[in-house]
Amino acid sequence: MDYIPLSFVSILFFCACSASPPNFILLFADDLGFGDLGCYGHPTSLTPNLDRLAAAGLRFTDFYCTSPVCTPSRASLLTGRYQTRSGVYPGVLYPGSIGGLPLNETTIAEVLKPQGYATAAVGKWHLGVGANGTYLPTRQGFDEYLGIPYSHDMGPCRNLTCFPPDVKCFGLCDVGTVTVPLMKNDAIIQQPVNFLDLEKAYSDFATSFIITSATKKQPFFLYYPSHHTHYPQYAGPEAAGRTLRGPFGDSLFEFDNTIGNLLETLEKTQIINNTLIFFTSDNGPELMRMSRGGNAGLLKCGKGTTYEGGMREPAIAFWPGTIQPGVTHEMASTLDILPTFASLAGAKLPTVMLDGVDMTEILTNQGKSKRETMMFYPTDPSEMYGLFALRMGKYKAHFYTRGATHSGTTPDQDCPVFAVLKAHDPPLLFDLEADPSEHYPLTLFGRPDLQEVVDKIMKEKEKFEATMVFGRSEISKGTDPNLEPCCNPQCSPKPRCCQRPNP
């Protein structure tokens, strides 16, 4: 038998891509833990469509986000750069935030548009609104947008009692806060949003975008950052009460149903074999919400922390005929999605310092990762403290550890906010292959081999931090109540007058 050289196969593959550029669908869950999906071992999660993607695609075991909270994680996903470079830190943006993802940052959408791609975003943006919609998706490379521009818990009373058919918010906690808006491009079409109908609106928008692009024979990039499964969870009539897992399970099931609708649309338009679907999450589970906060599986702690449970995420890549079914233990990150999509589309990379690497070899050949390290910044990164942790190969070193409010209520005393900042010199060292739960720090005494590992890690840390130029903090610019989205900007008194019923 004559064997075809792998390099020749790769050339054929990329030629095929250049003749017919692939479509990209990027699915981004919210506060979903490493142990929350059925395909990652949860016994009562109902996720048939995500399980289908995992069974027929590539499932990652060592995939990371860059921040254990929402906004900075999303900035890194879309730019391929650590949030410290773009200035999207500390913490998250709010409805009246003055700052946002800087317009001089280049998003995945802006990378793909010169290649003729149609681009759309649907769901939770959370990268700023700003004066006159300065930071909305339509100003960041997306042709179309439908969604809530920030987290859905940022309405009155944190929306804890705002979901129909429950009692509407009222009382003191209602004062001074606008209700959550639904935006189409840069206009508010409904305020407050009706959460019972929201997922259907998202599904209809996304499937329509796919059908239109397929009809035009135009390659597309669809970005769907879901509100699911962030607390407080909601679900429409087709998902509410349908799972054994309660509100969290219902919201996850509703998200999964939309993924099923996208798959069905790709099949009907006969473009599923030319579409890469990538699924992951923004950060770990909010353990303070107990059974309604998600599950990190065997990983330590969750949202808000730099332990594995806060930043190691489920991730699935699906592309029939191109990605073979399997599981990869190669290290990868949300940072790597931009350079990977750019490579597959034949697009130029931004001329800035990128922190992501091309994952094509992992996806198409289940090969080795180009990523040698992963850096862990806390929710409030600073030049004074620098990195909290660094993973190199199978080893992870913690230079600082700290708990978080988001990871309260767990029996592990390292997770809650009461676990105050602690420096480690020498760093805490873990073998994540033998001990992914970070239970057993390795002793360096009498182990020159491990001391050599630590020395290499410290050199990598020094080398990386020498290249890190912190951008001006966008979140520290503060808030202005006049920037909170209102469907009737000139009305009075606010926020009570900011009301627009069904579009």
# chains A, B, ... in the order shown; residues from 1 in each chain; ligands from 1
$ closest_atom_pairs --of "segment 118-221 of chain A" --to "segment 336-355 of chain A" --cutoff "12 Å" --atoms "only C-alpha atoms" --output "tab-separated table"
residue	atom	partner	partner_atom	distance
A:Pro219	CA	A:Ala345	CA	9.3
A:Phe220	CA	A:Ala345	CA	10.4
A:Phe221	CA	A:Phe341	CA	9.5
$ write_last_selection --atoms "N, CA, C and O atoms" --output "CSV table (one decimal), in the first residue's frame"
chain,number,residue,atom,x,y,z
A,219,PRO,N,-20.0,32.6,3.4
A,219,PRO,CA,-19.5,32.1,4.7
A,219,PRO,C,-20.0,33.0,5.9
A,219,PRO,O,-20.1,34.2,5.7
A,220,PHE,N,-20.2,32.4,7.0
A,220,PHE,CA,-20.6,33.2,8.2
A,220,PHE,C,-20.0,32.8,9.5
A,220,PHE,O,-19.4,31.7,9.6
A,221,PHE,N,-20.0,33.7,10.4
A,221,PHE,CA,-19.6,33.5,11.8
A,221,PHE,C,-20.7,33.9,12.7
A,221,PHE,O,-21.2,35.1,12.7
$ residues_around --residues "His406 of chain A" --least-positions-apart "4" --cutoff "7 Å" --atoms "only C-alpha atoms" --output "PyMOL selection string"
chain A and resi 286-288+303-304
$ write_last_selection --atoms "C-alpha atoms" --output "short mmCIF file (atom, residue, chain, number, x, y, z; two decimals), in the first residue's frame"
data_model
loop_
_atom_site.label_atom_id
_atom_site.label_comp_id
_atom_site.auth_asym_id
_atom_site.auth_seq_id
_atom_site.Cartn_x
_atom_site.Cartn_y
_atom_site.Cartn_z
CA GLU A 286 -21.06 29.86 40.88
CA LEU A 287 -20.87 27.45 43.80
CA MET A 288 -22.36 29.95 46.27
CA LYS A 303 -16.11 30.93 39.77
CA GLY A 304 -13.96 33.78 41.02
#
$ closest_residue --among "A:Ser407, A:Thr179, A:Thr119, A:Thr373" --to "Asp31 of chain A" --atoms "only C-alpha atoms"
A:Ser407
$ residues_around --residues "Ile210 of chain A" --least-positions-apart "2" --cutoff "8 Å" --atoms "only C-alpha atoms" --output "PyMOL selection string"
chain A and resi 206-208+212-214+220+265-266
$ write_last_selection --atoms "all heavy atoms" --output "JSON list (two decimals), in the first residue's frame"
[["chain", "number", "residue", "atom", "x", "y", "z"],
["A", 206, "ALA", "N", -30.99, 33.21, 15.10],
["A", 206, "ALA", "CA", -29.80, 32.47, 14.69],
["A", 206, "ALA", "C", -30.07, 31.59, 13.47],
["A", 206, "ALA", "O", -29.26, 31.55, 12.53],
["A", 206, "ALA", "CB", -29.28, 31.62, 15.85],
["A", 207, "THR", "N", -31.19, 30.89, 13.48],
["A", 207, "THR", "CA", -31.49, 30.01, 12.34],
["A", 207, "THR", "C", -31.77, 30.82, 11.08],
["A", 207, "THR", "O", -31.39, 30.42, 9.99],
["A", 207, "THR", "CB", -32.68, 29.09, 12.67],
["A", 207, "THR", "OG1", -33.81, 29.87, 13.10],
["A", 207, "THR", "CG2", -32.33, 28.10, 13.77],
["A", 208, "SER", "N", -32.43, 31.97, 11.25],
["A", 208, "SER", "CA", -32.68, 32.83, 10.10],
["A", 208, "SER", "C", -31.37, 33.34, 9.50],
["A", 208, "SER", "O", -31.20, 33.40, 8.27],
["A", 208, "SER", "CB", -33.55, 34.02, 10.51],
["A", 208, "SER", "OG", -33.72, 34.93, 9.45],
["A", 212, "THR", "N", -30.18, 32.60, 5.69],
["A", 212, "THR", "CA", -29.87, 33.71, 4.78],
["A", 212, "THR", "C", -28.47, 33.58, 4.21],
["A", 212, "THR", "O", -28.23, 33.76, 3.01],
["A", 212, "THR", "CB", -30.02, 35.05, 5.51],
["A", 212, "THR", "OG1", -31.37, 35.20, 5.97],
["A", 212, "THR", "CG2", -29.67, 36.21, 4.60],
["A", 213, "SER", "N", -27.51, 33.26, 5.08],
["A", 213, "SER", "CA", -26.12, 33.12, 4.63],
["A", 213, "SER", "C", -25.98, 31.96, 3.66],
["A", 213, "SER", "O", -25.28, 32.07, 2.64],
["A", 213, "SER", "CB", -25.20, 32.92, 5.84],
["A", 213, "SER", "OG", -25.28, 34.02, 6.72],
["A", 214, "ALA", "N", -26.64, 30.84, 3.97],
["A", 214, "ALA", "CA", -26.56, 29.67, 3.09],
["A", 214, "ALA", "C", -27.19, 29.96, 1.73],
["A", 214, "ALA", "O", -26.66, 29.55, 0.69],
["A", 214, "ALA", "CB", -27.26, 28.48, 3.75],
["A", 220, "PHE", "N", -20.15, 32.36, 7.04],
["A", 220, "PHE", "CA", -20.65, 33.16, 8.16],
["A", 220, "PHE", "C", -19.95, 32.80, 9.46],
["A", 220, "PHE", "O", -19.39, 31.71, 9.62],
["A", 220, "PHE", "CB", -22.17, 32.99, 8.31],
["A", 220, "PHE", "CG", -22.62, 31.60, 8.71],
["A", 220, "PHE", "CD1", -22.59, 31.18, 10.04],
["A", 220, "PHE", "CD2", -23.07, 30.70, 7.75],
["A", 220, "PHE", "CE1", -23.01, 29.91, 10.40],
["A", 220, "PHE", "CE2", -23.49, 29.43, 8.10],
["A", 220, "PHE", "CZ", -23.46, 29.03, 9.44],
["A", 265, "THR", "N", -30.94, 23.14, 11.26],
["A", 265, "THR", "CA", -30.88, 24.13, 10.18],
["A", 265, "THR", "C", -29.66, 23.90, 9.29],
["A", 265, "THR", "O", -29.74, 24.01, 8.07],
["A", 265, "THR", "CB", -30.84, 25.56, 10.78],
["A", 265, "THR", "OG1", -31.99, 25.75, 11.61],
["A", 265, "THR", "CG2", -30.83, 26.61, 9.68],
["A", 266, "LEU", "N", -28.53, 23.58, 9.90],
["A", 266, "LEU", "CA", -27.32, 23.29, 9.12],
["A", 266, "LEU", "C", -27.54, 22.07, 8.22],
["A", 266, "LEU", "O", -27.06, 22.03, 7.08],
["A", 266, "LEU", "CB", -26.14, 23.04, 10.05],
["A", 266, "LEU", "CG", -25.63, 24.23, 10.86],
["A", 266, "LEU", "CD1", -24.58, 23.78, 11.88],
["A", 266, "LEU", "CD2", -25.05, 25.31, 9.95]]
$ select_by_dssp --residues "segment 161-282 of chain A" --states "helix (DSSP H, G or I)" --output "PyMOL selection string"
chain A and resi 172-174+195-216+246-268+272-274
$ atom_distance --atom1 "atom CA of Ala201 of chain A" --atom2 "atom CA of Asp30 of chain A"
18.3 Å
$ residues_around --residues "Lys461 of chain A" --least-positions-apart "3" --cutoff "8 Å" --atoms "only C-alpha atoms" --output "PDB file with N, CA, C and O atoms, in the first residue's frame"
ATOM      1  N   LEU A 387       0.926  37.312  37.897  1.00  0.00           N
ATOM      2  CA  LEU A 387       0.203  36.051  37.755  1.00  0.00           C
ATOM      3  C   LEU A 387      -0.066  35.416  39.118  1.00  0.00           C
ATOM      4  O   LEU A 387       0.784  35.424  40.002  1.00  0.00           O
ATOM      5  N   LEU A 390       0.460  29.496  37.096  1.00  0.00           N
ATOM      6  CA  LEU A 390       0.933  29.204  35.748  1.00  0.00           C
ATOM      7  C   LEU A 390       0.959  27.690  35.575  1.00  0.00           C
ATOM      8  O   LEU A 390       1.473  26.969  36.436  1.00  0.00           O
ATOM      9  N   ILE A 457       9.348  26.962  35.438  1.00  0.00           N
ATOM     10  CA  ILE A 457       8.103  27.719  35.547  1.00  0.00           C
ATOM     11  C   ILE A 457       8.384  29.166  35.929  1.00  0.00           C
ATOM     12  O   ILE A 457       7.787  30.104  35.362  1.00  0.00           O
ATOM     13  N   MET A 458       9.285  29.395  36.847  1.00  0.00           N
ATOM     14  CA  MET A 458       9.621  30.758  37.265  1.00  0.00           C
ATOM     15  C   MET A 458      10.242  31.548  36.117  1.00  0.00           C
ATOM     16  O   MET A 458       9.975  32.754  35.968  1.00  0.00           O
ATOM     17  N   PHE A 464       7.090  35.904  30.558  1.00  0.00           N
ATOM     18  CA  PHE A 464       5.751  36.360  30.172  1.00  0.00           C
ATOM     19  C   PHE A 464       5.456  37.743  30.748  1.00  0.00           C
ATOM     20  O   PHE A 464       4.980  38.637  30.037  1.00  0.00           O
ATOM     21  N   GLU A 465       5.725  37.922  32.016  1.00  0.00           N
ATOM     22  CA  GLU A 465       5.383  39.194  32.657  1.00  0.00           C
ATOM     23  C   GLU A 465       6.208  40.345  32.094  1.00  0.00           C
ATOM     24  O   GLU A 465       5.757  41.501  32.114  1.00  0.00           O
TER      25      GLU A 465
END
$ residues_around --residues "segment 135-150 of chain A" --least-positions-apart "6" --cutoff "7 Å" --atoms "only C-alpha atoms" --output "PyMOL selection string"
chain A and resi 94-95+100-101+103+107+109-110+118-129+181-186
$ residues_around --residues "segment 468-475 of chain A" --least-positions-apart "2" --cutoff "10 Å" --atoms "only C-alpha atoms" --output "VMD selection string"
chain A and resid 71 to 72 82 to 94 97 to 102 128 353 381 to 383 386 463 to 466 477 to 479
$ closest_residue --among "A:Asn273, A:Pro156, A:Ala296, A:Arg312" --to "Asn23 of chain A" --atoms "only C-alpha atoms"
A:Asn273
$ closest_atom_pairs --of "segment 51-140 of chain A" --to "segment 359-362 of chain A" --cutoff "12 Å" --atoms "only C-alpha atoms" --output "Markdown table"
| residue | atom | partner | partner_atom | distance |
| --- | --- | --- | --- | --- |
| A:Gly57 | CA | A:Ile362 | CA | 11.8 |
| A:Leu58 | CA | A:Ile362 | CA | 9.0 |
| A:Arg59 | CA | A:Ile362 | CA | 10.9 |
| A:Phe60 | CA | A:Ile362 | CA | 10.0 |
| A:Phe63 | CA | A:Met359 | CA | 11.6 |
$ write_last_selection --atoms "all heavy atoms" --output "PDB file, in the first residue's frame"
ATOM      1  N   GLY A  57     -17.655  14.567  17.752  1.00  0.00           N
ATOM      2  CA  GLY A  57     -16.607  15.567  17.617  1.00  0.00           C
ATOM      3  C   GLY A  57     -15.457  15.310  18.562  1.00  0.00           C
ATOM      4  O   GLY A  57     -15.230  14.183  19.005  1.00  0.00           O
ATOM      5  N   LEU A  58     -14.743  16.372  18.875  1.00  0.00           N
ATOM      6  CA  LEU A  58     -13.564  16.279  19.725  1.00  0.00           C
ATOM      7  C   LEU A  58     -13.858  16.949  21.063  1.00  0.00           C
ATOM      8  O   LEU A  58     -14.215  18.124  21.118  1.00  0.00           O
ATOM      9  CB  LEU A  58     -12.373  16.963  19.048  1.00  0.00           C
ATOM     10  CG  LEU A  58     -11.007  16.812  19.727  1.00  0.00           C
ATOM     11  CD1 LEU A  58     -10.570  15.338  19.753  1.00  0.00           C
ATOM     12  CD2 LEU A  58      -9.965  17.656  19.014  1.00  0.00           C
ATOM     13  N   ARG A  59     -13.716  16.187  22.136  1.00  0.00           N
ATOM     14  CA  ARG A  59     -13.963  16.703  23.478  1.00  0.00           C
ATOM     15  C   ARG A  59     -12.635  16.985  24.163  1.00  0.00           C
ATOM     16  O   ARG A  59     -11.744  16.146  24.180  1.00  0.00           O
ATOM     17  CB  ARG A  59     -14.794  15.703  24.284  1.00  0.00           C
ATOM     18  CG  ARG A  59     -15.191  16.193  25.671  1.00  0.00           C
ATOM     19  CD  ARG A  59     -16.250  15.282  26.287  1.00  0.00           C
ATOM     20  NE  ARG A  59     -15.731  13.944  26.515  1.00  0.00           N
ATOM     21  CZ  ARG A  59     -15.068  13.565  27.598  1.00  0.00           C
ATOM     22  NH1 ARG A  59     -14.793  14.456  28.559  1.00  0.00           N
ATOM     23  NH2 ARG A  59     -14.667  12.314  27.746  1.00  0.00           N
ATOM     24  N   PHE A  60     -12.518  18.183  24.730  1.00  0.00           N
ATOM     25  CA  PHE A  60     -11.290  18.603  25.401  1.00  0.00           C
ATOM     26  C   PHE A  60     -11.393  18.308  26.906  1.00  0.00           C
ATOM     27  O   PHE A  60     -12.439  18.539  27.519  1.00  0.00           O
ATOM     28  CB  PHE A  60     -11.059  20.100  25.221  1.00  0.00           C
ATOM     29  CG  PHE A  60     -10.665  20.519  23.831  1.00  0.00           C
ATOM     30  CD1 PHE A  60     -11.606  20.567  22.803  1.00  0.00           C
ATOM     31  CD2 PHE A  60      -9.355  20.888  23.545  1.00  0.00           C
ATOM     32  CE1 PHE A  60     -11.248  20.969  21.524  1.00  0.00           C
ATOM     33  CE2 PHE A  60      -8.990  21.288  22.268  1.00  0.00           C
ATOM     34  CZ  PHE A  60      -9.936  21.325  21.255  1.00  0.00           C
ATOM     35  N   PHE A  63      -9.048  22.389  28.750  1.00  0.00           N
ATOM     36  CA  PHE A  63      -9.350  23.630  28.037  1.00  0.00           C
ATOM     37  C   PHE A  63      -9.635  24.724  29.057  1.00  0.00           C
ATOM     38  O   PHE A  63     -10.393  24.516  30.009  1.00  0.00           O
ATOM     39  CB  PHE A  63     -10.560  23.425  27.123  1.00  0.00           C
ATOM     40  CG  PHE A  63     -10.766  24.543  26.136  1.00  0.00           C
ATOM     41  CD1 PHE A  63     -10.159  24.507  24.891  1.00  0.00           C
ATOM     42  CD2 PHE A  63     -11.557  25.636  26.456  1.00  0.00           C
ATOM     43  CE1 PHE A  63     -10.339  25.536  23.976  1.00  0.00           C
ATOM     44  CE2 PHE A  63     -11.740  26.672  25.554  1.00  0.00           C
ATOM     45  CZ  PHE A  63     -11.133  26.618  24.309  1.00  0.00           C
TER      46      PHE A  63
END
$ select_by_dssp --residues "segment 44-138 of chain A" --states "strand (DSSP E)" --output "list in words"
Leu58, Arg59, Phe60, Thr61, Asp62, Phe63, Tyr64, Ala118, Thr119, Ala120, Ala121, Val122, Gly123 and Lys124 of chain A
$ write_last_selection --atoms "N, CA and C atoms" --output "PDB file, in the first residue's frame"
ATOM      1  N   LEU A  58     -14.743  16.372  18.875  1.00  0.00           N
ATOM      2  CA  LEU A  58     -13.564  16.279  19.725  1.00  0.00           C
ATOM      3  C   LEU A  58     -13.858  16.949  21.063  1.00  0.00           C
ATOM      4  N   ARG A  59     -13.716  16.187  22.136  1.00  0.00           N
ATOM      5  CA  ARG A  59     -13.963  16.703  23.478  1.00  0.00           C
ATOM      6  C   ARG A  59     -12.635  16.985  24.163  1.00  0.00           C
ATOM      7  N   PHE A  60     -12.518  18.183  24.730  1.00  0.00           N
ATOM      8  CA  PHE A  60     -11.290  18.603  25.401  1.00  0.00           C
ATOM      9  C   PHE A  60     -11.393  18.308  26.906  1.00  0.00           C
ATOM     10  N   THR A  61     -10.296  17.861  27.491  1.00  0.00           N
ATOM     11  CA  THR A  61     -10.240  17.676  28.942  1.00  0.00           C
ATOM     12  C   THR A  61      -9.421  18.761  29.627  1.00  0.00           C
ATOM     13  N   ASP A  62      -8.617  19.520  28.870  1.00  0.00           N
ATOM     14  CA  ASP A  62      -7.705  20.505  29.446  1.00  0.00           C
ATOM     15  C   ASP A  62      -7.838  21.839  28.711  1.00  0.00           C
ATOM     16  N   PHE A  63      -9.048  22.389  28.750  1.00  0.00           N
ATOM     17  CA  PHE A  63      -9.350  23.630  28.037  1.00  0.00           C
ATOM     18  C   PHE A  63      -9.635  24.724  29.057  1.00  0.00           C
ATOM     19  N   TYR A  64      -9.060  25.909  28.828  1.00  0.00           N
ATOM     20  CA  TYR A  64      -9.124  26.979  29.820  1.00  0.00           C
ATOM     21  C   TYR A  64      -9.690  28.282  29.262  1.00  0.00           C
ATOM     22  N   ALA A 118     -20.271  36.905   6.619  1.00  0.00           N
ATOM     23  CA  ALA A 118     -21.375  37.541   7.324  1.00  0.00           C
ATOM     24  C   ALA A 118     -21.185  37.245   8.804  1.00  0.00           C
ATOM     25  N   THR A 119     -21.474  38.209   9.666  1.00  0.00           N
ATOM     26  CA  THR A 119     -21.212  38.048  11.095  1.00  0.00           C
ATOM     27  C   THR A 119     -22.436  38.433  11.905  1.00  0.00           C
ATOM     28  N   ALA A 120     -22.718  37.664  12.929  1.00  0.00           N
ATOM     29  CA  ALA A 120     -23.858  37.970  13.798  1.00  0.00           C
ATOM     30  C   ALA A 120     -23.563  37.503  15.212  1.00  0.00           C
ATOM     31  N   ALA A 121     -24.083  38.247  16.179  1.00  0.00           N
ATOM     32  CA  ALA A 121     -23.997  37.882  17.588  1.00  0.00           C
ATOM     33  C   ALA A 121     -25.404  37.827  18.150  1.00  0.00           C
ATOM     34  N   VAL A 122     -25.644  36.848  19.013  1.00  0.00           N
ATOM     35  CA  VAL A 122     -26.954  36.719  19.637  1.00  0.00           C
ATOM     36  C   VAL A 122     -26.756  36.282  21.080  1.00  0.00           C
ATOM     37  N   GLY A 123     -27.373  37.010  22.019  1.00  0.00           N
ATOM     38  CA  GLY A 123     -27.292  36.622  23.421  1.00  0.00           C
ATOM     39  C   GLY A 123     -26.651  37.685  24.295  1.00  0.00           C
ATOM     40  N   LYS A 124     -25.869  37.214  25.275  1.00  0.00           N
ATOM     41  CA  LYS A 124     -25.262  38.080  26.295  1.00  0.00           C
ATOM     42  C   LYS A 124     -23.952  38.672  25.775  1.00  0.00           C
TER      43      LYS A 124
END
$ closest_residue --among "A:Ala389, A:Leu442, A:Met384, A:Ala419" --to "Tyr307 of chain A" --atoms "only C-alpha atoms"
A:Ala389
$ residues_around --residues "Tyr400 of chain A" --least-positions-apart "6" --cutoff "6 Å" --atoms "only C-alpha atoms" --output "list in words"
Phe388, Lys422, Ala423 and His424 of chain A
$ closest_residue --among "A:Leu444, A:Cys70, A:Pro285, A:Glu264" --to "Pro225 of chain A" --atoms "only C-alpha atoms"
A:Cys70
$ closest_residue --among "A:Ala55, A:Met375, A:Cys487, A:Ala397" --to "Asp431 of chain A" --atoms "only C-alpha atoms"
A:Ala397
$ atom_distance --atom1 "atom CA of Leu77 of chain A" --atom2 "atom CA of Arg245 of chain A"
29.2 Å
$ decode --residues "segment 132-149 of chain A" --atoms "N, CA, C and O atoms" --output "PDB file, in the first residue's frame"
ATOM      1  N   ASN A 132     -24.141  56.310  23.371  1.00  0.00           N
ATOM      2  CA  ASN A 132     -24.645  56.086  22.006  1.00  0.00           C
ATOM      3  C   ASN A 132     -24.276  54.703  21.453  1.00  0.00           C
ATOM      4  O   ASN A 132     -24.063  54.535  20.257  1.00  0.00           O
ATOM      5  N   GLY A 133     -24.188  53.731  22.361  1.00  0.00           N
ATOM      6  CA  GLY A 133     -23.923  52.357  21.924  1.00  0.00           C
ATOM      7  C   GLY A 133     -22.517  52.127  21.410  1.00  0.00           C
ATOM      8  O   GLY A 133     -22.278  51.236  20.590  1.00  0.00           O
ATOM      9  N   THR A 134     -21.558  52.887  21.931  1.00  0.00           N
ATOM     10  CA  THR A 134     -20.173  52.852  21.444  1.00  0.00           C
ATOM     11  C   THR A 134     -19.589  51.451  21.386  1.00  0.00           C
ATOM     12  O   THR A 134     -18.853  51.117  20.447  1.00  0.00           O
ATOM     13  N   TYR A 135     -19.905  50.614  22.384  1.00  0.00           N
ATOM     14  CA  TYR A 135     -19.218  49.324  22.510  1.00  0.00           C
ATOM     15  C   TYR A 135     -20.087  48.122  22.129  1.00  0.00           C
ATOM     16  O   TYR A 135     -19.695  46.982  22.397  1.00  0.00           O
ATOM     17  N   LEU A 136     -21.221  48.361  21.530  1.00  0.00           N
ATOM     18  CA  LEU A 136     -22.112  47.260  21.162  1.00  0.00           C
ATOM     19  C   LEU A 136     -21.501  46.400  20.049  1.00  0.00           C
ATOM     20  O   LEU A 136     -20.576  46.838  19.347  1.00  0.00           O
ATOM     21  N   PRO A 137     -22.009  45.180  19.862  1.00  0.00           N
ATOM     22  CA  PRO A 137     -21.440  44.276  18.843  1.00  0.00           C
ATOM     23  C   PRO A 137     -21.364  44.865  17.448  1.00  0.00           C
ATOM     24  O   PRO A 137     -20.418  44.583  16.696  1.00  0.00           O
ATOM     25  N   THR A 138     -22.347  45.689  17.081  1.00  0.00           N
ATOM     26  CA  THR A 138     -22.355  46.264  15.734  1.00  0.00           C
ATOM     27  C   THR A 138     -21.232  47.276  15.538  1.00  0.00           C
ATOM     28  O   THR A 138     -20.965  47.685  14.405  1.00  0.00           O
ATOM     29  N   ARG A 139     -20.562  47.671  16.616  1.00  0.00           N
ATOM     30  CA  ARG A 139     -19.384  48.542  16.507  1.00  0.00           C
ATOM     31  C   ARG A 139     -18.086  47.726  16.611  1.00  0.00           C
ATOM     32  O   ARG A 139     -17.003  48.297  16.572  1.00  0.00           O
ATOM     33  N   GLN A 140     -18.257  46.404  16.766  1.00  0.00           N
ATOM     34  CA  GLN A 140     -17.093  45.549  16.986  1.00  0.00           C
ATOM     35  C   GLN A 140     -17.006  44.429  15.936  1.00  0.00           C
ATOM     36  O   GLN A 140     -16.482  43.350  16.198  1.00  0.00           O
ATOM     37  N   GLY A 141     -17.547  44.700  14.739  1.00  0.00           N
ATOM     38  CA  GLY A 141     -17.386  43.769  13.637  1.00  0.00           C
ATOM     39  C   GLY A 141     -18.584  42.896  13.317  1.00  0.00           C
ATOM     40  O   GLY A 141     -18.551  42.127  12.348  1.00  0.00           O
ATOM     41  N   PHE A 142     -19.651  42.992  14.096  1.00  0.00           N
ATOM     42  CA  PHE A 142     -20.818  42.161  13.849  1.00  0.00           C
ATOM     43  C   PHE A 142     -21.859  42.920  13.024  1.00  0.00           C
ATOM     44  O   PHE A 142     -22.222  44.052  13.351  1.00  0.00           O
ATOM     45  N   ASP A 143     -22.334  42.265  11.954  1.00  0.00           N
ATOM     46  CA  ASP A 143     -23.337  42.888  11.091  1.00  0.00           C
ATOM     47  C   ASP A 143     -24.675  43.021  11.801  1.00  0.00           C
ATOM     48  O   ASP A 143     -25.410  43.987  11.582  1.00  0.00           O
ATOM     49  N   GLU A 144     -24.990  42.026  12.629  1.00  0.00           N
ATOM     50  CA  GLU A 144     -26.293  41.983  13.294  1.00  0.00           C
ATOM     51  C   GLU A 144     -26.120  41.563  14.737  1.00  0.00           C
ATOM     52  O   GLU A 144     -25.194  40.831  15.072  1.00  0.00           O
ATOM     53  N   TYR A 145     -27.058  42.017  15.573  1.00  0.00           N
ATOM     54  CA  TYR A 145     -27.042  41.627  16.981  1.00  0.00           C
ATOM     55  C   TYR A 145     -28.461  41.589  17.516  1.00  0.00           C
ATOM     56  O   TYR A 145     -29.265  42.470  17.244  1.00  0.00           O
ATOM     57  N   LEU A 146     -28.748  40.550  18.274  1.00  0.00           N
ATOM     58  CA  LEU A 146     -29.971  40.472  19.063  1.00  0.00           C
ATOM     59  C   LEU A 146     -29.582  39.950  20.433  1.00  0.00           C
ATOM     60  O   LEU A 146     -28.984  38.879  20.547  1.00  0.00           O
ATOM     61  N   GLY A 147     -29.908  40.704  21.482  1.00  0.00           N
ATOM     62  CA  GLY A 147     -29.569  40.194  22.795  1.00  0.00           C
ATOM     63  C   GLY A 147     -29.660  41.224  23.898  1.00  0.00           C
ATOM     64  O   GLY A 147     -30.111  42.355  23.709  1.00  0.00           O
ATOM     65  N   ILE A 148     -29.228  40.784  25.070  1.00  0.00           N
ATOM     66  CA  ILE A 148     -29.123  41.635  26.248  1.00  0.00           C
ATOM     67  C   ILE A 148     -27.663  42.064  26.353  1.00  0.00           C
ATOM     68  O   ILE A 148     -26.770  41.218  26.317  1.00  0.00           O
ATOM     69  N   PRO A 149     -27.392  43.356  26.473  1.00  0.00           N
ATOM     70  CA  PRO A 149     -26.005  43.823  26.379  1.00  0.00           C
ATOM     71  C   PRO A 149     -25.149  43.562  27.617  1.00  0.00           C
ATOM     72  O   PRO A 149     -23.965  43.880  27.614  1.00  0.00           O
TER      73      PRO A 149
END
